[in-house]
$ cat target18.cif   # mmCIF, C-alpha atoms and all ligand atoms
data_coords
loop_
_atom_site.group_PDB
_atom_site.id
_atom_site.type_symbol
_atom_site.label_atom_id
_atom_site.label_comp_id
_atom_site.auth_asym_id
_atom_site.auth_seq_id
_atom_site.Cartn_x
_atom_site.Cartn_y
_atom_site.Cartn_z
ATOM 1 C CA MET A 1 28.434 128.105 137.469
ATOM 2 C CA THR A 2 27.768 131.469 139.140
ATOM 3 C CA LEU A 3 26.635 134.479 137.109
ATOM 4 C CA GLN A 4 29.720 136.386 138.292
ATOM 5 C CA ARG A 5 32.104 133.718 136.955
ATOM 6 C CA ARG A 6 30.167 133.416 133.696
ATOM 7 C CA THR A 7 30.512 137.197 133.227
ATOM 8 C CA PHE A 8 34.269 137.033 133.958
ATOM 9 C CA LEU A 9 34.794 134.213 131.462
ATOM 10 C CA LYS A 10 32.870 136.146 128.809
ATOM 11 C CA ALA A 11 34.978 139.276 129.379
ATOM 12 C CA ALA A 12 38.179 137.219 129.291
ATOM 13 C CA GLY A 13 37.132 135.583 126.029
ATOM 14 C CA ALA A 14 36.435 138.984 124.488
ATOM 15 C CA ALA A 15 39.777 140.355 125.685
ATOM 16 C CA ALA A 16 41.632 137.366 124.255
ATOM 17 C CA ALA A 17 40.070 138.047 120.876
ATOM 18 C CA VAL A 18 41.479 141.593 120.806
ATOM 19 C CA SER A 19 45.092 141.849 119.754
ATOM 20 C CA ILE A 20 46.350 144.031 122.571
ATOM 21 C CA LEU A 21 49.515 142.953 124.360
ATOM 22 C CA PRO A 22 50.876 144.281 127.635
ATOM 23 C CA SER A 23 53.654 146.836 127.469
ATOM 24 C CA GLY A 24 57.016 145.081 127.346
ATOM 25 C CA VAL A 25 55.582 141.963 125.698
ATOM 26 C CA ARG A 26 55.980 141.814 121.955
ATOM 27 C CA ALA A 27 53.166 141.110 119.509
ATOM 28 C CA GLU A 28 51.883 137.669 118.596
ATOM 29 C CA GLY A 29 52.727 135.779 115.446
ATOM 30 C CA ALA A 30 56.342 135.041 114.697
ATOM 31 C CA GLU A 31 57.549 137.273 117.536
ATOM 32 C CA LYS A 32 59.647 135.525 120.125
ATOM 33 C CA MET A 33 59.612 136.125 123.850
ATOM 34 C CA LYS A 34 62.138 136.145 126.633
ATOM 35 C CA ILE A 35 61.090 133.526 129.188
ATOM 36 C CA GLY A 36 62.606 132.951 132.626
ATOM 37 C CA VAL A 37 62.157 129.446 134.047
ATOM 38 C CA ILE A 38 62.414 129.288 137.854
ATOM 39 C CA GLY A 39 62.930 125.617 138.662
ATOM 40 C CA SER A 40 64.413 123.494 135.932
ATOM 41 C CA GLY A 41 63.407 120.017 137.085
ATOM 42 C CA ASN A 42 60.874 117.680 135.459
ATOM 43 C CA VAL A 43 58.323 120.384 134.651
ATOM 44 C CA GLY A 44 60.561 123.391 133.973
ATOM 45 C CA SER A 45 62.940 121.504 131.704
ATOM 46 C CA ALA A 46 60.140 119.750 129.737
ATOM 47 C CA ILE A 47 58.150 122.919 129.059
ATOM 48 C CA GLY A 48 61.189 125.146 128.621
ATOM 49 C CA ALA A 49 62.688 122.744 126.076
ATOM 50 C CA VAL A 50 59.602 123.042 123.857
ATOM 51 C CA TRP A 51 59.674 126.843 124.079
ATOM 52 C CA VAL A 52 63.346 126.759 123.059
ATOM 53 C CA LYS A 53 62.357 124.637 120.037
ATOM 54 C CA ARG A 54 59.746 127.281 119.196
ATOM 55 C CA GLY A 55 62.528 129.853 119.032
ATOM 56 C CA HIS A 56 61.961 131.688 122.316
ATOM 57 C CA GLU A 57 64.881 132.880 124.420
ATOM 58 C CA VAL A 58 64.669 130.809 127.580
ATOM 59 C CA MET A 59 66.797 131.211 130.714
ATOM 60 C CA PHE A 60 66.729 128.176 133.022
ATOM 61 C CA SER A 61 67.408 128.621 136.728
ATOM 62 C CA SER A 62 67.477 126.730 140.016
ATOM 63 C CA ARG A 63 69.854 126.657 142.984
ATOM 64 C CA THR A 64 72.241 124.523 140.897
ATOM 65 C CA LEU A 65 73.703 126.679 138.162
ATOM 66 C CA GLU A 66 75.921 123.871 136.803
ATOM 67 C CA HIS A 67 72.816 121.781 136.090
ATOM 68 C CA ASP A 68 71.160 124.683 134.303
ATOM 69 C CA LYS A 69 74.262 125.394 132.240
ATOM 70 C CA ALA A 70 74.412 121.749 131.141
ATOM 71 C CA LEU A 71 70.683 121.807 130.294
ATOM 72 C CA ALA A 72 71.016 125.007 128.261
ATOM 73 C CA GLN A 73 74.017 123.626 126.417
ATOM 74 C CA LYS A 74 72.162 120.393 125.612
ATOM 75 C CA LEU A 75 69.122 122.266 124.295
ATOM 76 C CA GLY A 76 71.139 124.749 122.238
ATOM 77 C CA GLY A 77 69.176 127.367 120.336
ATOM 78 C CA ASN A 78 68.355 130.333 122.488
ATOM 79 C CA ALA A 79 68.624 128.466 125.787
ATOM 80 C CA ARG A 80 70.764 129.918 128.555
ATOM 81 C CA ALA A 81 71.283 129.516 132.291
ATOM 82 C CA GLY A 82 71.296 131.905 135.217
ATOM 83 C CA THR A 83 70.390 132.297 138.848
ATOM 84 C CA PRO A 84 66.673 132.622 139.749
ATOM 85 C CA LEU A 85 67.163 136.394 140.112
ATOM 86 C CA GLU A 86 68.811 136.635 136.695
ATOM 87 C CA ALA A 87 66.029 134.545 135.138
ATOM 88 C CA ALA A 88 63.349 136.672 136.808
ATOM 89 C CA ARG A 89 64.960 139.855 135.492
ATOM 90 C CA PHE A 90 65.508 138.329 132.035
ATOM 91 C CA GLY A 91 62.002 137.018 131.381
ATOM 92 C CA GLU A 92 59.082 138.997 130.028
ATOM 93 C CA VAL A 93 57.156 135.921 131.123
ATOM 94 C CA LEU A 94 58.210 133.603 133.965
ATOM 95 C CA LEU A 95 57.403 129.943 134.567
ATOM 96 C CA PHE A 96 57.548 128.915 138.222
ATOM 97 C CA ALA A 97 58.079 125.164 138.582
ATOM 98 C CA VAL A 98 59.522 124.663 142.057
ATOM 99 C CA PRO A 99 58.293 122.755 145.129
ATOM 100 C CA TYR A 100 55.615 124.957 146.735
ATOM 101 C CA ARG A 101 57.707 125.367 149.894
ATOM 102 C CA ALA A 102 60.254 127.390 147.860
ATOM 103 C CA LEU A 103 57.746 130.147 147.001
ATOM 104 C CA PRO A 104 57.841 132.204 150.252
ATOM 105 C CA GLU A 105 61.618 132.674 150.067
ATOM 106 C CA LEU A 106 61.615 133.204 146.273
ATOM 107 C CA GLY A 107 58.905 135.846 146.593
ATOM 108 C CA LYS A 108 61.176 137.754 148.997
ATOM 109 C CA SER A 109 64.497 137.251 147.217
ATOM 110 C CA LEU A 110 63.163 138.013 143.728
ATOM 111 C CA GLY A 111 61.272 141.079 144.978
ATOM 112 C CA ASP A 112 61.064 143.802 142.329
ATOM 113 C CA ALA A 113 62.176 141.415 139.581
ATOM 114 C CA ILE A 114 58.745 139.764 139.573
ATOM 115 C CA ASP A 115 56.698 142.913 140.112
ATOM 116 C CA GLY A 116 54.361 143.297 137.123
ATOM 117 C CA LYS A 117 55.670 140.143 135.408
ATOM 118 C CA ILE A 118 53.410 137.531 133.888
ATOM 119 C CA VAL A 119 53.975 134.367 135.934
ATOM 120 C CA ILE A 120 52.773 130.941 134.868
ATOM 121 C CA ASP A 121 52.465 129.021 138.147
ATOM 122 C CA ALA A 122 52.809 125.253 137.877
ATOM 123 C CA CYS A 123 53.618 124.756 141.568
ATOM 124 C CA ASN A 124 51.431 122.423 143.608
ATOM 125 C CA PRO A 125 51.093 122.432 147.393
ATOM 126 C CA PHE A 126 51.649 119.028 149.007
ATOM 127 C CA PRO A 127 51.663 119.183 152.828
ATOM 128 C CA GLY A 128 53.737 115.990 153.048
ATOM 129 C CA ARG A 129 56.460 117.510 150.883
ATOM 130 C CA ASP A 130 56.090 121.235 151.410
ATOM 131 C CA GLY A 131 54.918 121.524 155.021
ATOM 132 C CA GLU A 132 52.689 124.173 156.600
ATOM 133 C CA ILE A 133 52.658 126.539 153.606
ATOM 134 C CA ALA A 134 51.023 123.792 151.534
ATOM 135 C CA THR A 135 48.333 123.233 154.154
ATOM 136 C CA ARG A 136 47.553 126.955 154.082
ATOM 137 C CA ALA A 137 47.568 126.988 150.276
ATOM 138 C CA ARG A 138 45.056 124.154 150.260
ATOM 139 C CA GLU A 139 42.845 126.045 152.698
ATOM 140 C CA ILE A 140 42.672 129.303 150.725
ATOM 141 C CA GLY A 141 43.369 127.830 147.278
ATOM 142 C CA ALA A 142 46.688 127.587 145.477
ATOM 143 C CA GLY A 143 46.001 130.518 143.127
ATOM 144 C CA LEU A 144 45.236 133.020 145.889
ATOM 145 C CA MET A 145 48.136 131.769 147.998
ATOM 146 C CA SER A 146 50.630 132.042 145.121
ATOM 147 C CA ALA A 147 49.454 135.631 144.574
ATOM 148 C CA LYS A 148 50.206 136.383 148.245
ATOM 149 C CA LEU A 149 53.629 134.746 148.049
ATOM 150 C CA LEU A 150 54.684 136.398 144.761
ATOM 151 C CA PRO A 151 53.484 139.978 145.271
ATOM 152 C CA GLY A 152 52.977 142.046 142.140
ATOM 153 C CA ALA A 153 53.176 139.031 139.814
ATOM 154 C CA ARG A 154 50.385 138.633 137.258
ATOM 155 C CA ILE A 155 49.709 134.982 137.953
ATOM 156 C CA VAL A 156 48.125 132.406 135.694
ATOM 157 C CA ARG A 157 47.896 128.921 137.149
ATOM 158 C CA ALA A 158 48.592 126.241 134.553
ATOM 159 C CA PHE A 159 50.375 122.901 133.993
ATOM 160 C CA ASN A 160 49.293 121.764 137.470
ATOM 161 C CA ALA A 161 47.737 118.358 137.088
ATOM 162 C CA ILE A 162 49.222 116.721 134.020
ATOM 163 C CA GLY A 163 52.294 114.539 134.416
ATOM 164 C CA ALA A 164 55.574 116.234 133.486
ATOM 165 C CA ALA A 165 56.551 113.197 131.418
ATOM 166 C CA ARG A 166 53.828 114.062 128.886
ATOM 167 C CA MET A 167 54.476 117.797 128.714
ATOM 168 C CA GLY A 168 57.319 117.552 126.238
ATOM 169 C CA ALA A 169 55.262 115.516 123.766
ATOM 170 C CA ALA A 170 51.873 117.298 123.756
ATOM 171 C CA HIS A 171 52.861 119.417 120.746
ATOM 172 C CA GLU A 172 52.860 116.260 118.631
ATOM 173 C CA GLU A 173 49.036 116.273 118.809
ATOM 174 C CA PRO A 174 48.271 119.961 119.322
ATOM 175 C CA GLY A 175 44.959 120.970 120.897
ATOM 176 C CA LYS A 176 43.838 117.429 121.730
ATOM 177 C CA ILE A 177 44.362 117.833 125.460
ATOM 178 C CA GLY A 178 42.898 120.780 127.331
ATOM 179 C CA MET A 179 44.827 122.776 129.920
ATOM 180 C CA PRO A 180 42.608 124.285 132.620
ATOM 181 C CA ILE A 181 43.975 127.668 133.651
ATOM 182 C CA ALA A 182 42.949 130.373 136.117
ATOM 183 C CA GLY A 183 43.977 133.989 136.498
ATOM 184 C CA ASP A 184 42.709 137.495 137.203
ATOM 185 C CA ASP A 185 44.758 139.468 134.673
ATOM 186 C CA LEU A 186 43.266 139.320 131.176
ATOM 187 C CA GLU A 187 46.467 140.284 129.379
ATOM 188 C CA ALA A 188 48.463 137.723 131.354
ATOM 189 C CA ILE A 189 45.862 135.099 130.456
ATOM 190 C CA LYS A 190 46.213 135.971 126.793
ATOM 191 C CA VAL A 191 50.011 135.745 126.742
ATOM 192 C CA ALA A 192 50.037 132.553 128.831
ATOM 193 C CA SER A 193 47.414 131.028 126.515
ATOM 194 C CA ARG A 194 49.637 131.566 123.506
ATOM 195 C CA LEU A 195 52.595 129.915 125.253
ATOM 196 C CA ILE A 196 50.438 127.005 126.483
ATOM 197 C CA ARG A 197 49.202 126.412 122.915
ATOM 198 C CA GLU A 198 52.800 126.252 121.775
ATOM 199 C CA ILE A 199 53.397 123.419 124.251
ATOM 200 C CA GLY A 200 50.478 121.620 122.556
ATOM 201 C CA TYR A 201 47.596 122.104 125.004
ATOM 202 C CA GLU A 202 44.366 124.007 124.384
ATOM 203 C CA PRO A 203 43.985 126.454 127.286
ATOM 204 C CA VAL A 204 40.583 126.449 128.988
ATOM 205 C CA LEU A 205 40.068 129.400 131.315
ATOM 206 C CA ILE A 206 38.049 128.189 134.278
ATOM 207 C CA GLY A 207 37.887 131.493 136.172
ATOM 208 C CA GLY A 208 39.836 133.904 138.348
ATOM 209 C CA LEU A 209 42.628 132.995 140.754
ATOM 210 C CA GLU A 210 40.125 131.803 143.361
ATOM 211 C CA MET A 211 39.463 128.877 141.001
ATOM 212 C CA GLY A 212 43.125 127.883 141.398
ATOM 213 C CA LYS A 213 41.888 125.581 144.171
ATOM 214 C CA TYR A 214 40.738 123.208 141.423
ATOM 215 C CA LEU A 215 44.083 123.298 139.625
ATOM 216 C CA MET A 216 46.120 120.657 141.357
ATOM 217 C CA PRO A 217 46.284 116.867 141.555
ATOM 218 C CA GLY A 218 43.336 115.162 143.209
ATOM 219 C CA THR A 219 40.595 117.479 141.927
ATOM 220 C CA PRO A 220 37.971 116.560 139.285
ATOM 221 C CA LEU A 221 40.029 118.480 136.697
ATOM 222 C CA ALA A 222 43.237 116.535 137.258
ATOM 223 C CA GLY A 223 44.605 114.385 134.472
ATOM 224 C CA GLU A 224 44.440 114.571 130.695
ATOM 225 C CA ARG A 225 41.047 115.637 129.350
ATOM 226 C CA SER A 226 39.743 117.158 126.165
ATOM 227 C CA PRO A 227 38.852 120.872 126.266
ATOM 228 C CA GLU A 228 35.136 119.915 126.041
ATOM 229 C CA GLU A 229 35.413 117.539 129.008
ATOM 230 C CA ILE A 230 37.044 120.297 131.059
ATOM 231 C CA ARG A 231 34.270 122.757 130.209
ATOM 232 C CA LYS A 232 31.589 120.192 131.193
ATOM 233 C CA ILE A 233 33.262 119.533 134.563
ATOM 234 C CA VAL A 234 33.660 123.254 135.251
ATOM 235 C CA ASP A 235 29.959 123.806 134.535
ATOM 236 C CA THR A 236 29.185 121.600 137.542
ATOM 237 C CA PHE A 237 31.258 123.728 139.986
HETATM 238 N N1 LIG A 301 56.278 116.323 138.145
HETATM 239 C C1 LIG A 301 55.044 116.496 137.670
HETATM 240 O O1 LIG A 301 54.503 115.622 136.959
HETATM 241 C C2 LIG A 301 54.318 117.778 137.958
HETATM 242 C C3 LIG A 301 53.208 118.112 137.172
HETATM 243 C C4 LIG A 301 52.554 119.321 137.383
HETATM 244 C C5 LIG A 301 53.008 120.192 138.383
HETATM 245 N N2 LIG A 301 54.072 119.836 139.158
HETATM 246 C C6 LIG A 301 54.522 120.780 140.206
HETATM 247 O O2 LIG A 301 55.549 121.592 139.615
HETATM 248 C C7 LIG A 301 56.568 121.873 140.566
HETATM 249 C C8 LIG A 301 57.888 121.299 140.053
HETATM 250 O O3 LIG A 301 57.767 119.900 139.942
HETATM 251 P P1 LIG A 301 58.958 119.037 139.323
HETATM 252 O O4 LIG A 301 58.435 117.640 139.207
HETATM 253 O O5 LIG A 301 59.515 119.715 138.129
HETATM 254 O O6 LIG A 301 60.016 119.090 140.520
HETATM 255 P P2 LIG A 301 61.558 118.796 140.432
HETATM 256 O O7 LIG A 301 61.875 117.896 139.293
HETATM 257 O O8 LIG A 301 61.973 118.402 141.820
HETATM 258 O O9 LIG A 301 62.184 120.222 140.081
HETATM 259 C C9 LIG A 301 62.138 121.291 140.978
HETATM 260 C C10 LIG A 301 63.114 122.354 140.483
HETATM 261 O O10 LIG A 301 63.059 123.460 141.369
HETATM 262 C C11 LIG A 301 64.405 123.790 141.791
HETATM 263 N N3 LIG A 301 64.306 124.384 143.100
HETATM 264 C C12 LIG A 301 63.956 123.797 144.267
HETATM 265 N N4 LIG A 301 63.968 124.695 145.259
HETATM 266 C C13 LIG A 301 64.325 125.872 144.701
HETATM 267 C C14 LIG A 301 64.526 127.176 145.218
HETATM 268 N N5 LIG A 301 64.354 127.455 146.505
HETATM 269 N N6 LIG A 301 64.905 128.154 144.366
HETATM 270 C C15 LIG A 301 65.082 127.898 143.059
HETATM 271 N N7 LIG A 301 64.908 126.673 142.504
HETATM 272 C C16 LIG A 301 64.538 125.683 143.329
HETATM 273 C C17 LIG A 301 65.129 122.458 141.752
HETATM 274 O O11 LIG A 301 66.533 122.591 141.622
HETATM 275 P P3 LIG A 301 67.506 122.762 142.871
HETATM 276 O O12 LIG A 301 67.027 121.816 143.936
HETATM 277 O O13 LIG A 301 68.854 122.423 142.311
HETATM 278 O O14 LIG A 301 67.388 124.176 143.259
HETATM 279 C C18 LIG A 301 64.556 121.893 140.444
HETATM 280 O O15 LIG A 301 65.211 122.478 139.335
HETATM 281 C C19 LIG A 301 56.113 121.252 141.887
HETATM 282 O O16 LIG A 301 55.439 122.213 142.658
HETATM 283 C C20 LIG A 301 55.158 120.150 141.434
HETATM 284 O O17 LIG A 301 54.203 119.825 142.422
HETATM 285 C C21 LIG A 301 54.748 118.674 138.958
#
$ encode --input "target18.cif" --output "structure tokens"
Amino acid sequence: MTLQRRTFLKAAGAAAAVSILPSGVRAEGAEKMKIGVIGSGNVGSAIGAVWVKRGHEVMFSSRTLEHDKALAQKLGGNARAGTPLEAARFGEVLLFAVPYRALPELGKSLGDAIDGKIVIDACNPFPGRDGEIATRAREIGAGLMSAKLLPGARIVRAFNAIGAARMGAAHEEPGKIGMPIAGDDLEAIKVASRLIREIGYEPVLIGGLEMGKYLMPGTPLAGERSPEEIRKIVDTF
């Protein structure tokens, strides 16, 4: 591990220990957040459903409003449905869980609604599915490419290489499985870490957005691993 990355991880750890939250995001503890989910398929619905159970206000969105309305009705609680723009405006924190090819257009159409927002980015680039944009994302790394495509968003990459089928059940054994994450914004990392813990995973910060290249299927970090195993693998990078 480089000295620069070690220094960043130390600073991030110190920041996470201080109870400062970004303006517009309420304090930790019993406080609930407004979360916009952009893409309510396997990943978005599994993670969003757990946040609903935890009492957060979650707006689900996709290009199929009827599906999102049915999902919100099924989940009850503080679940609701809207268009991607409505969800982006609604959320203090946003989860992006769409095919990577959707990001260029979403970045343009959501515009100001994502500027300054904390975005948890679960989207993976697969050239076979997503085309040229995925090839470019793999060249420069998915974290840096997502930051280009979603300008102004405070991105934390997470939930990238664990099967969606397991995401709804991780809270049954909290902290057992680690979740490697990467981001440049210390406050965004802190808020995302809290929400990831609520899903049941122990967040393990592996570095800044340039480390997002390791957060996708097919890398040494892919799959379910303990937090310690993740740290050992990252030490070898
Ligand atoms: N499945 C996994 O195990 C897994 C695990 C980790 C990460 N990921 C990654 O997470 C992302 C989502 O995966 P998934 O399995 O949840 O996919 P999915 O089940 O196909 O869901 C994708 C969601 O995105 C919506 N969507 C697609 N294009 C959109 C657009 N232009 N604007 C708004 N919404 C759009 C879809 O609804 P409409 O088509 O109705 O709009 C759907 O709700 C992918 O990038 C994937 O690689 C997947």
$ closest_residue --input "target18.cif" --among "A:Phe237, A:Phe8, A:Trp51, A:Phe60" --to "Arg194 of chain A" --atoms "all atoms listed in the file"
A:Trp51
$ resolve_selection --input "target18.cif" --expression "the PyMOL selection byres (((chain A and resi 176-191) around 7) and not hetatm)" --output "JSON, numbers by chain"
{"A": [12, 15, 16, 21, 22, 118, 154, 155, 156, 157, 158, 159, 173, 174, 175, 192, 193, 194, 195, 201, 202, 203, 204, 205, 206, 207, 208, 209, 211, 212, 224, 225, 226, 227, 230]}
$ closest_atom_pairs --input "target18.cif" --of "chain A" --to "ligand LIG 301 (chain A)" --cutoff "8 Å" --atoms "all atoms listed in the file" --output "CSV"
residue,atom,partner,partner_atom,distance
A:Ile38,CA,A:LIG301,N7,5.9
A:Gly39,CA,A:LIG301,O10,3.5
A:Ser40,CA,A:LIG301,O15,3.6
A:Gly41,CA,A:LIG301,O9,3.2
A:Asn42,CA,A:LIG301,O5,3.6
A:Val43,CA,A:LIG301,O5,3.7
A:Gly44,CA,A:LIG301,O5,5.6
A:Ser45,CA,A:LIG301,O5,7.5
A:Ser61,CA,A:LIG301,N7,6.6
A:Ser62,CA,A:LIG301,N7,3.6
A:Arg63,CA,A:LIG301,O14,3.5
A:Thr64,CA,A:LIG301,O13,4.2
A:Leu65,CA,A:LIG301,O13,7.7
A:His67,CA,A:LIG301,O13,7.4
A:Pro84,CA,A:LIG301,C15,6.0
A:Phe96,CA,A:LIG301,C7,7.5
A:Ala97,CA,A:LIG301,C7,4.1
A:Val98,CA,A:LIG301,O10,3.8
A:Pro99,CA,A:LIG301,O16,3.8
A:Tyr100,CA,A:LIG301,O16,4.9
A:Arg101,CA,A:LIG301,N5,7.7
A:Ala102,CA,A:LIG301,N5,4.3
A:Leu103,CA,A:LIG301,N5,7.2
A:Glu105,CA,A:LIG301,N5,6.9
A:Leu106,CA,A:LIG301,N6,6.3
A:Ala122,CA,A:LIG301,O2,4.9
A:Cys123,CA,A:LIG301,O16,3.3
A:Asn124,CA,A:LIG301,O17,4.0
A:Pro125,CA,A:LIG301,O17,6.4
A:Phe126,CA,A:LIG301,O17,7.1
A:Phe159,CA,A:LIG301,C4,5.4
A:Asn160,CA,A:LIG301,C4,4.1
A:Ala161,CA,A:LIG301,C4,4.9
A:Ile162,CA,A:LIG301,C3,5.3
A:Gly163,CA,A:LIG301,O1,3.5
A:Ala164,CA,A:LIG301,O1,3.7
A:Ala165,CA,A:LIG301,O1,6.4
A:Met216,CA,A:LIG301,C5,7.5
A:Pro217,CA,A:LIG301,C4,7.9
$ closest_residue --input "target18.cif" --among "A:Arg166, A:Arg136, A:His171, A:Lys108" --to "Leu149 of chain A" --atoms "only C-alpha atoms"
A:Lys108
$ atom_distance --input "target18.cif" --atom1 "atom CA of Leu110 of chain A" --atom2 "atom CA of Gly152 of chain A"
11.1 Å
$ residues_around --input "target18.cif" --residues "Ala137 of chain A" --least-positions-apart "3" --cutoff "10 Å" --atoms "all atoms listed in the file" --output "ChimeraX atom specification"
/A:100,124-127,132-134,140-146,148,212-213
$ resolve_selection --input "target18.cif" --expression "the PyMOL selection byres (((chain A and resi 33) around 6) and not hetatm)" --output "NGL selection string"
:A and (32 or 34 or 56)
$ atom_distance --input "target18.cif" --atom1 "atom CA of Met167 of chain A" --atom2 "atom CA of Ile47 of chain A"
6.3 Å
$ atom_distance --input "target18.cif" --atom1 "atom CA of Val52 of chain A" --atom2 "atom CA of Leu85 of chain A"
20.0 Å
$ axis_aligned_box --input "target18.cif" --around "segment 131-139 of chain A" --padding-each-side "6 Å" --output "lines of an AutoDock Vina configuration file"
center_x = 48.9
center_y = 124.3
center_z = 153.4
size_x = 24.1
size_y = 17.5
size_z = 18.3
$ closest_residue --input "target18.cif" --among "A:Ile35, A:Gly55, A:Ala49, A:Ala81" --to "Lys117 of chain A" --atoms "all atoms listed in the file"
A:Ile35
$ closest_residue --input "target18.cif" --among "A:Glu229, A:Arg129, A:Pro151, A:Ile196" --to "Pro104 of chain A" --atoms "only C-alpha atoms"
A:Pro151
$ closest_residue --input "target18.cif" --among "A:Ile120, A:Leu150, A:Met59, A:Ala113" --to "Gly77 of chain A" --atoms "all atoms listed in the file"
A:Met59
